Structures are given as structure tokens and as C-alpha cells.
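With compact mmCIF, C-alpha atoms inside, this is work-v3.txt:
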```
# COMPACT_ATOMS: atom_id res chain seq x y z
CA MET A 23 0.00 0.00 0.00
CA ARG A 24 1.51 3.31 -1.08
CA ALA A 25 0.48 6.82 -0.17
CA CYS A 26 0.96 9.86 -2.38
CA LEU A 27 2.85 13.10 -1.82
CA THR A 28 1.14 16.47 -2.04
CA ALA A 29 2.38 20.00 -2.69
CA VAL A 30 1.10 23.39 -1.63
CA LEU A 31 -0.27 24.96 -4.80
CA VAL A 32 -2.95 27.34 -3.57
CA VAL A 33 -2.41 31.08 -3.94
CA MET A 34 -3.30 32.70 -0.64
CA THR A 35 -3.29 36.36 0.30
CA THR A 36 -0.63 37.10 2.87
CA GLY A 37 -1.66 37.54 6.47
CA ALA A 38 1.01 40.14 7.24
CA ALA A 39 -0.01 42.81 9.68
CA LEU A 40 -1.11 46.00 7.97
CA ALA A 41 -1.09 49.54 9.32
CA GLY A 42 -2.13 53.04 8.25
CA PRO A 43 -2.73 53.37 4.51
CA LEU A 44 -2.31 49.63 4.14
CA GLU A 45 -5.25 49.09 6.48
CA GLU A 46 -7.27 51.51 4.39
CA ALA A 47 -6.38 49.61 1.21
CA LYS A 48 -7.23 46.29 2.82
CA ALA A 49 -10.58 47.60 4.03
CA ALA A 50 -11.38 48.95 0.57
CA ARG A 51 -10.44 45.64 -1.02
CA ASN A 52 -12.62 43.72 1.42
CA LYS A 53 -15.57 45.97 0.53
CA GLY A 54 -15.01 45.43 -3.18
CA ASP A 55 -13.64 48.92 -3.74
CA PHE A 56 -10.73 47.65 -5.81
CA ALA A 57 -10.04 50.99 -7.47
CA THR A 58 -9.22 52.58 -4.11
CA ALA A 59 -7.16 49.59 -3.01
CA LEU A 60 -5.23 49.58 -6.28
CA ARG A 61 -4.55 53.32 -6.06
CA ILE A 62 -3.21 53.07 -2.50
CA TYR A 63 -1.11 50.01 -3.21
CA LYS A 64 0.41 51.66 -6.28
CA GLU A 65 1.24 54.83 -4.36
CA LEU A 66 2.86 52.91 -1.52
CA SER A 67 4.63 50.52 -3.88
CA ASN A 68 6.23 53.41 -5.74
CA GLN A 69 7.41 54.70 -2.35
CA GLY A 70 9.15 51.37 -1.68
CA ASP A 71 6.67 49.69 0.68
CA ARG A 72 7.28 45.95 0.21
CA LEU A 73 3.97 44.91 1.80
CA ALA A 74 2.10 47.06 -0.70
CA GLN A 75 4.27 45.67 -3.50
CA LEU A 76 3.34 42.14 -2.46
CA GLN A 77 -0.37 43.01 -2.33
CA LEU A 78 -0.18 44.71 -5.71
CA GLY A 79 1.43 41.58 -7.13
CA LEU A 80 -1.35 39.47 -5.63
CA MET A 81 -4.04 41.65 -7.18
CA TYR A 82 -2.54 41.23 -10.63
CA ASP A 83 -1.84 37.54 -10.01
CA GLU A 84 -5.37 36.72 -8.87
CA GLY A 85 -7.23 39.19 -11.07
CA ASP A 86 -8.60 40.72 -7.89
CA GLY A 87 -10.50 43.76 -9.20
CA VAL A 88 -8.12 44.11 -12.16
CA PRO A 89 -7.50 41.99 -15.27
CA LYS A 90 -4.98 39.23 -14.56
CA ASN A 91 -1.54 40.39 -15.60
CA TYR A 92 1.21 37.94 -14.71
CA GLN A 93 3.96 40.18 -16.04
CA GLN A 94 2.90 42.88 -13.59
CA ALA A 95 2.59 40.28 -10.85
CA VAL A 96 6.15 39.10 -11.51
CA ARG A 97 7.35 42.69 -11.55
CA TRP A 98 5.94 43.56 -8.13
CA TYR A 99 6.74 40.21 -6.54
CA SER A 100 10.33 40.64 -7.71
CA VAL A 101 10.59 44.13 -6.22
CA ALA A 102 9.12 42.94 -2.92
CA ALA A 103 11.43 39.91 -2.90
CA SER A 104 14.45 42.14 -3.47
CA GLN A 105 13.52 43.94 -0.26
CA GLY A 106 13.48 40.76 1.79
CA ASP A 107 9.80 39.90 1.72
CA PRO A 108 9.32 36.21 2.71
CA GLU A 109 6.09 35.67 0.76
CA ALA A 110 6.97 37.20 -2.61
CA PRO A 111 9.59 34.55 -3.56
CA TYR A 112 7.01 31.84 -2.91
CA TYR A 113 4.54 33.43 -5.32
CA LEU A 114 7.29 33.93 -7.90
CA GLY A 115 8.08 30.24 -7.61
CA ARG A 116 4.41 29.42 -8.17
CA ILE A 117 4.22 31.52 -11.31
CA TYR A 118 7.35 29.98 -12.83
CA GLN A 119 6.34 26.46 -11.83
CA ASP A 120 2.87 26.84 -13.37
CA GLY A 121 4.13 28.69 -16.46
CA ARG A 122 1.63 31.50 -16.03
CA SER A 123 3.95 34.26 -17.25
CA GLY A 124 5.48 32.20 -20.05
CA PRO A 125 6.90 28.69 -20.50
CA GLU A 126 7.22 26.62 -17.32
CA ASN A 127 10.59 27.08 -15.68
CA GLN A 128 10.97 24.48 -12.95
CA SER A 129 14.60 25.30 -12.15
CA ARG A 130 13.76 28.98 -11.67
CA ALA A 131 10.79 27.98 -9.54
CA ARG A 132 13.14 25.95 -7.35
CA ARG A 133 15.48 28.90 -6.94
CA TRP A 134 12.67 31.18 -5.76
CA TYR A 135 11.25 28.51 -3.46
CA ARG A 136 14.69 28.18 -1.86
CA VAL A 137 14.79 31.92 -1.19
CA ALA A 138 11.32 31.78 0.36
CA SER A 139 12.27 28.73 2.44
CA TRP A 140 15.41 30.42 3.75
CA ARG A 141 13.15 33.29 4.80
CA GLY A 142 10.93 30.94 6.78
CA ASN A 143 8.11 30.17 4.33
CA PRO A 144 7.01 26.56 4.96
CA ARG A 145 4.80 26.34 1.85
CA ALA A 146 7.84 26.95 -0.32
CA ALA A 147 9.69 24.17 1.50
CA VAL A 148 6.79 21.78 0.86
CA ASN A 149 6.88 22.55 -2.85
CA LEU A 150 10.66 22.13 -2.92
CA GLY A 151 10.23 18.75 -1.30
CA ALA A 152 7.62 17.72 -3.85
CA MET A 153 9.79 18.93 -6.73
CA SER A 154 12.74 16.94 -5.37
CA ALA A 155 10.55 13.87 -4.99
CA PHE A 156 9.22 14.09 -8.54
CA GLY A 157 12.44 15.33 -10.17
CA LEU A 158 11.04 18.68 -11.30
CA GLY A 159 13.67 21.29 -12.12
CA GLY A 160 16.46 19.03 -10.90
CA PRO A 161 17.32 15.42 -10.09
CA LYS A 162 14.86 13.21 -8.23
CA ASN A 163 16.08 12.81 -4.66
CA PHE A 164 13.79 11.54 -1.91
CA GLN A 165 16.35 12.21 0.80
CA VAL A 166 16.50 15.89 -0.14
CA ALA A 167 12.71 15.90 -0.40
CA GLY A 168 12.52 14.62 3.16
CA GLN A 169 14.82 17.36 4.40
CA TRP A 170 12.59 20.05 2.89
CA PHE A 171 9.46 18.37 4.26
CA LEU A 172 11.08 18.19 7.69
CA LEU A 173 11.90 21.90 7.60
CA ALA A 174 8.26 22.73 6.90
CA ALA A 175 6.90 20.08 9.25
CA ASN A 176 8.85 21.58 12.13
CA GLN A 177 7.09 24.86 11.37
CA GLY A 178 3.71 23.16 11.70
CA ASP A 179 2.86 22.64 8.03
CA VAL A 180 0.39 19.73 7.84
CA LYS A 181 1.14 18.87 4.20
CA ALA A 182 4.81 18.51 5.06
CA GLN A 183 3.95 16.34 8.06
CA ASP A 184 1.72 14.15 5.93
CA ASN A 185 4.41 13.89 3.24
CA LEU A 186 7.02 12.83 5.79
CA GLY A 187 4.64 10.09 6.83
CA VAL A 188 4.38 9.02 3.19
CA LEU A 189 8.17 8.80 2.86
CA TYR A 190 8.44 6.65 5.99
CA GLN A 191 5.56 4.45 4.88
CA ASN A 192 7.03 3.88 1.43
CA GLY A 193 10.67 3.79 2.53
CA GLU A 194 11.63 6.54 0.11
CA GLY A 195 14.75 8.48 1.11
CA VAL A 196 14.56 6.93 4.58
CA ARG A 197 14.34 3.46 6.05
CA ARG A 198 10.74 2.25 6.03
CA ASP A 199 9.31 2.87 9.48
CA TYR A 200 5.58 2.50 10.09
CA VAL A 201 5.86 3.90 13.60
CA LYS A 202 7.33 7.20 12.39
CA ALA A 203 4.91 7.27 9.47
CA TYR A 204 1.95 6.86 11.83
CA MET A 205 3.45 9.51 14.10
CA TRP A 206 3.60 12.15 11.33
CA PHE A 207 0.16 11.23 10.01
CA THR A 208 -1.23 11.62 13.53
CA ILE A 209 0.38 15.03 14.02
CA ALA A 210 -1.07 16.27 10.74
CA ALA A 211 -4.47 14.69 11.42
CA ALA A 212 -4.59 16.52 14.75
CA MET A 213 -4.80 19.72 12.67
CA GLN A 214 -7.88 18.37 10.88
CA ASP A 215 -6.05 17.24 7.76
CA SER A 216 -8.38 14.62 6.27
CA GLU A 217 -5.76 13.15 3.92
CA ALA A 218 -3.38 12.53 6.80
CA ALA A 219 -6.18 10.96 8.84
CA LYS A 220 -6.90 8.61 5.93
CA HIS A 221 -3.21 7.70 5.65
CA ARG A 222 -3.02 7.07 9.40
CA ASP A 223 -6.03 4.76 9.31
CA GLN A 224 -4.66 2.90 6.29
CA ILE A 225 -1.23 2.29 7.76
CA SER A 226 -2.70 1.22 11.09
CA ARG A 227 -3.91 -1.96 9.33
CA LEU A 228 -0.26 -2.85 8.68
CA MET A 229 0.84 -2.34 12.29
CA THR A 230 0.69 -4.29 15.52
CA PRO A 231 -1.15 -2.82 18.53
CA SER A 232 2.18 -2.23 20.29
CA GLN A 233 3.52 -0.31 17.27
CA ILE A 234 0.42 1.88 17.20
CA GLU A 235 0.73 2.60 20.90
CA GLN A 236 4.41 3.48 20.44
CA ALA A 237 3.55 5.79 17.54
CA ARG A 238 0.84 7.54 19.52
CA LYS A 239 3.21 8.21 22.40
CA LEU A 240 5.86 9.44 19.98
CA SER A 241 3.39 11.79 18.26
CA ALA A 242 2.33 13.27 21.62
CA GLN A 243 5.98 13.80 22.61
CA THR A 244 6.81 15.36 19.25
CA MET A 245 3.84 17.74 19.33
CA TYR A 246 4.81 18.80 22.85
CA ALA A 247 8.43 19.31 21.75
CA GLN A 248 7.32 21.38 18.77
CA ILE A 249 5.25 23.63 21.01
CA ARG A 250 8.22 24.11 23.34
CA CYS A 251 10.43 24.77 20.31
CA TYR A 252 8.16 27.61 19.20
CA ILE A 253 8.12 29.10 22.70
CA VAL A 254 11.86 28.70 23.38
CA HIS A 255 13.53 29.25 20.03
CA THR A 256 16.99 28.21 21.26
CA LEU A 257 15.86 24.60 21.77
CA PRO A 258 16.93 22.05 19.15
CA CYS A 259 14.07 21.03 16.88
CA HIS A 260 14.97 17.84 15.02
CA TRP A 261 12.81 14.75 14.71
CA TRP A 262 14.05 13.25 11.45
```

Transcribe the structure of this file into C-alpha cells.
Amino acid sequence: MRACLTAVLVVMTTGAALAGPLEEAKAARNKGDFATALRIYKELSNQGDRLAQLQLGLMYDEGDGVPKNYQQAVRWYSVAASQGDPEAPYYLGRIYQDGRSGPENQSRARRWYRVASWRGNPRAAVNLGAMSAFGLGGPKNFQVAGQWFLLAANQGDVKAQDNLGVLYQNGEGVRRDYVKAYMWFTIAAAMQDSEAAKHRDQISRLMTPSQIEQARKLSAQTMYAQIRCYIVHTLPCHWW
């Protein structure tokens, strides 16, 4: 029985905290007043505000009140990324991976996902893991895939946690270990991930009661350790 890997491929508006004119633009956008939001974002973007640049890129990317324009989206994502924004490189990677601004460019997508991952974006790490697992934009390497999934899993990303479980279940890049697979599926399922819950229930039919009990204890310990890791950032956070 084999489970399948998943990637994060949903464009989501950033949840960065907004203030002042950015709040006004967000409120206008929420009310459907896209002309006001676009005007404010353009003004702030031209003044060098990277949060506004990201939002402007998202509007063009999603066609949110304006015609979709992927060239403009790339332009503003690139400017925001050059200023250190952690979300913009992820969206650039998405555009290049999907080929929305031209031919697909998987290697360029990988490069932007790496930048986003280094800046703490777990969704980019999940996609890097999936690309490594499927050999997109570079050689297929399940061990590298697992390292990217682990990075995101330690940040609480449920898709990464589920994918780590898949690698352990299938023995891809790691030694096959049903206990660790069940552990990661359980951690993801605790966040209401239905796919992980299905994987956990499937693998349980291949395990002994003692293995399941061991996995449950390990998942509880790992979740507790992750919580402590977030609270005390100097603690080591490795469960590979």
C-alpha cells in the first residue's frame, strides 16, 4: 500500500499585519472597492513599501479587481522579494512552476522557493520537497525531499507532516518505518487534515497494537516538543 505526496499549490493572500494606509487599502479591497485599493497600493509601492508591493502583485496575479496580468505580478513580486519579503519569492516560484507568465521554468521555480524557504516560508519548503521527490527542475532525490518536508513540518505545516509520513511508509529516502509514518500522520491529522487521517487509518492496518501505541506516544511527545520549540527558540528542533 503506497500513499501519495502532495504540494502546496494554492495562492493565498498574505496575512502580514497591515497599518495606516495599508489598512485603508485592505478595508477597501474587502468591501469590493478595488479601485481605491489599487490606487493606495500603487502609491505605496512606488514609495518602496514591500507589503504594498506584495499586495499589488497578488491583485494582478489573482485578477482581484483588475485583469490578470502575470507580467505585472512578476514585476511587483520581484521588487518585494528584493527587499526581503518572505512571501513574494514563494509566489514567484508558483508563477514559474505553473508557467503562467510564459513557459514553465521548474529550475527557476526551485530557486525562488529556496529563497522563500530560507526566509521561513514553509509552503515553499513543501513545494521544494515535492519537486525533489518528482524530479522537477532538478534530479529526483527523496532524501532531499525529506529534508525540505522536515523543515516545513517543524514549522507546523500539515502537508509537510503528511508527506514525511508518506516517505516513511514507502521507505523513500529513509528506512521504512511505520511507527514514524503513523506519528507524522497523527500530528497532521490533529490539525484536521483529512488526507493525513486517511493515511493514518490505512497504515494502522499494517501495524501491531504495540507499534500503534508506540507511535501515539511518539506523536504526543513530538507535538509537545514542537510547542516548546516555538516558545523557546533556542531549543533544538529535530525529529528526522

Edge lengths and centre in Å to one decimal, as JSON, of the axis-aligned box that encloses all listed atoms of region 116-128 of chain A with 3 Å added on every side?
```
{"center_x": 6.3, "center_y": 29.4, "center_z": -14.3, "size_x": 15.3, "size_y": 15.8, "size_z": 18.3}
```

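Here CA of Trp206 (chain A) and CA of Leu27 (chain A) stand 13.2 Å from one another.
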
Spatial neighbours of Ala103 (chain A), 10 Å, only C-alpha atoms, chain gap at least 5 places, as a PyMOL selection string: chain A and resi 72+75-76+97-98+108-114+134+137-138

Go ahead and save the picked residues with C-alpha atoms, as an mmCIF file, keeping the file's coordinate frame.
```
data_model
loop_
_atom_site.group_PDB
_atom_site.id
_atom_site.type_symbol
_atom_site.label_atom_id
_atom_site.label_comp_id
_atom_site.auth_asym_id
_atom_site.auth_seq_id
_atom_site.Cartn_x
_atom_site.Cartn_y
_atom_site.Cartn_z
ATOM 1 C CA ARG A 72 7.280 45.950 0.210
ATOM 2 C CA GLN A 75 4.270 45.670 -3.500
ATOM 3 C CA LEU A 76 3.340 42.140 -2.460
ATOM 4 C CA ARG A 97 7.350 42.690 -11.550
ATOM 5 C CA TRP A 98 5.940 43.560 -8.130
ATOM 6 C CA PRO A 108 9.320 36.210 2.710
ATOM 7 C CA GLU A 109 6.090 35.670 0.760
ATOM 8 C CA ALA A 110 6.970 37.200 -2.610
ATOM 9 C CA PRO A 111 9.590 34.550 -3.560
ATOM 10 C CA TYR A 112 7.010 31.840 -2.910
ATOM 11 C CA TYR A 113 4.540 33.430 -5.320
ATOM 12 C CA LEU A 114 7.290 33.930 -7.900
ATOM 13 C CA TRP A 134 12.670 31.180 -5.760
ATOM 14 C CA VAL A 137 14.790 31.920 -1.190
ATOM 15 C CA ALA A 138 11.320 31.780 0.360
#
```

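Nearest residue to Val96 (chain A), choosing from A:Tyr135, A:Tyr118, A:Phe171, A:Tyr190 and counting only C-alpha atoms: A:Tyr118.
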
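For the set A:Ile117, A:Asp107, A:Leu73, A:Leu78, the residue with the smallest atom-to-atom gap to Tyr92 (chain A) is A:Ile117, counting only C-alpha atoms.
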
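Of note, CA of Pro125 (chain A) and CA of Asn91 (chain A) are spaced 15.2 Å apart.
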
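CA of Lys220 (chain A) is positioned 23.9 Å from CA of Leu150 (chain A).
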
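Nearest residue to Gly70 (chain A), choosing from A:Asp86, A:Gly106, A:Arg51, A:Thr58 and counting only C-alpha atoms: A:Gly106.
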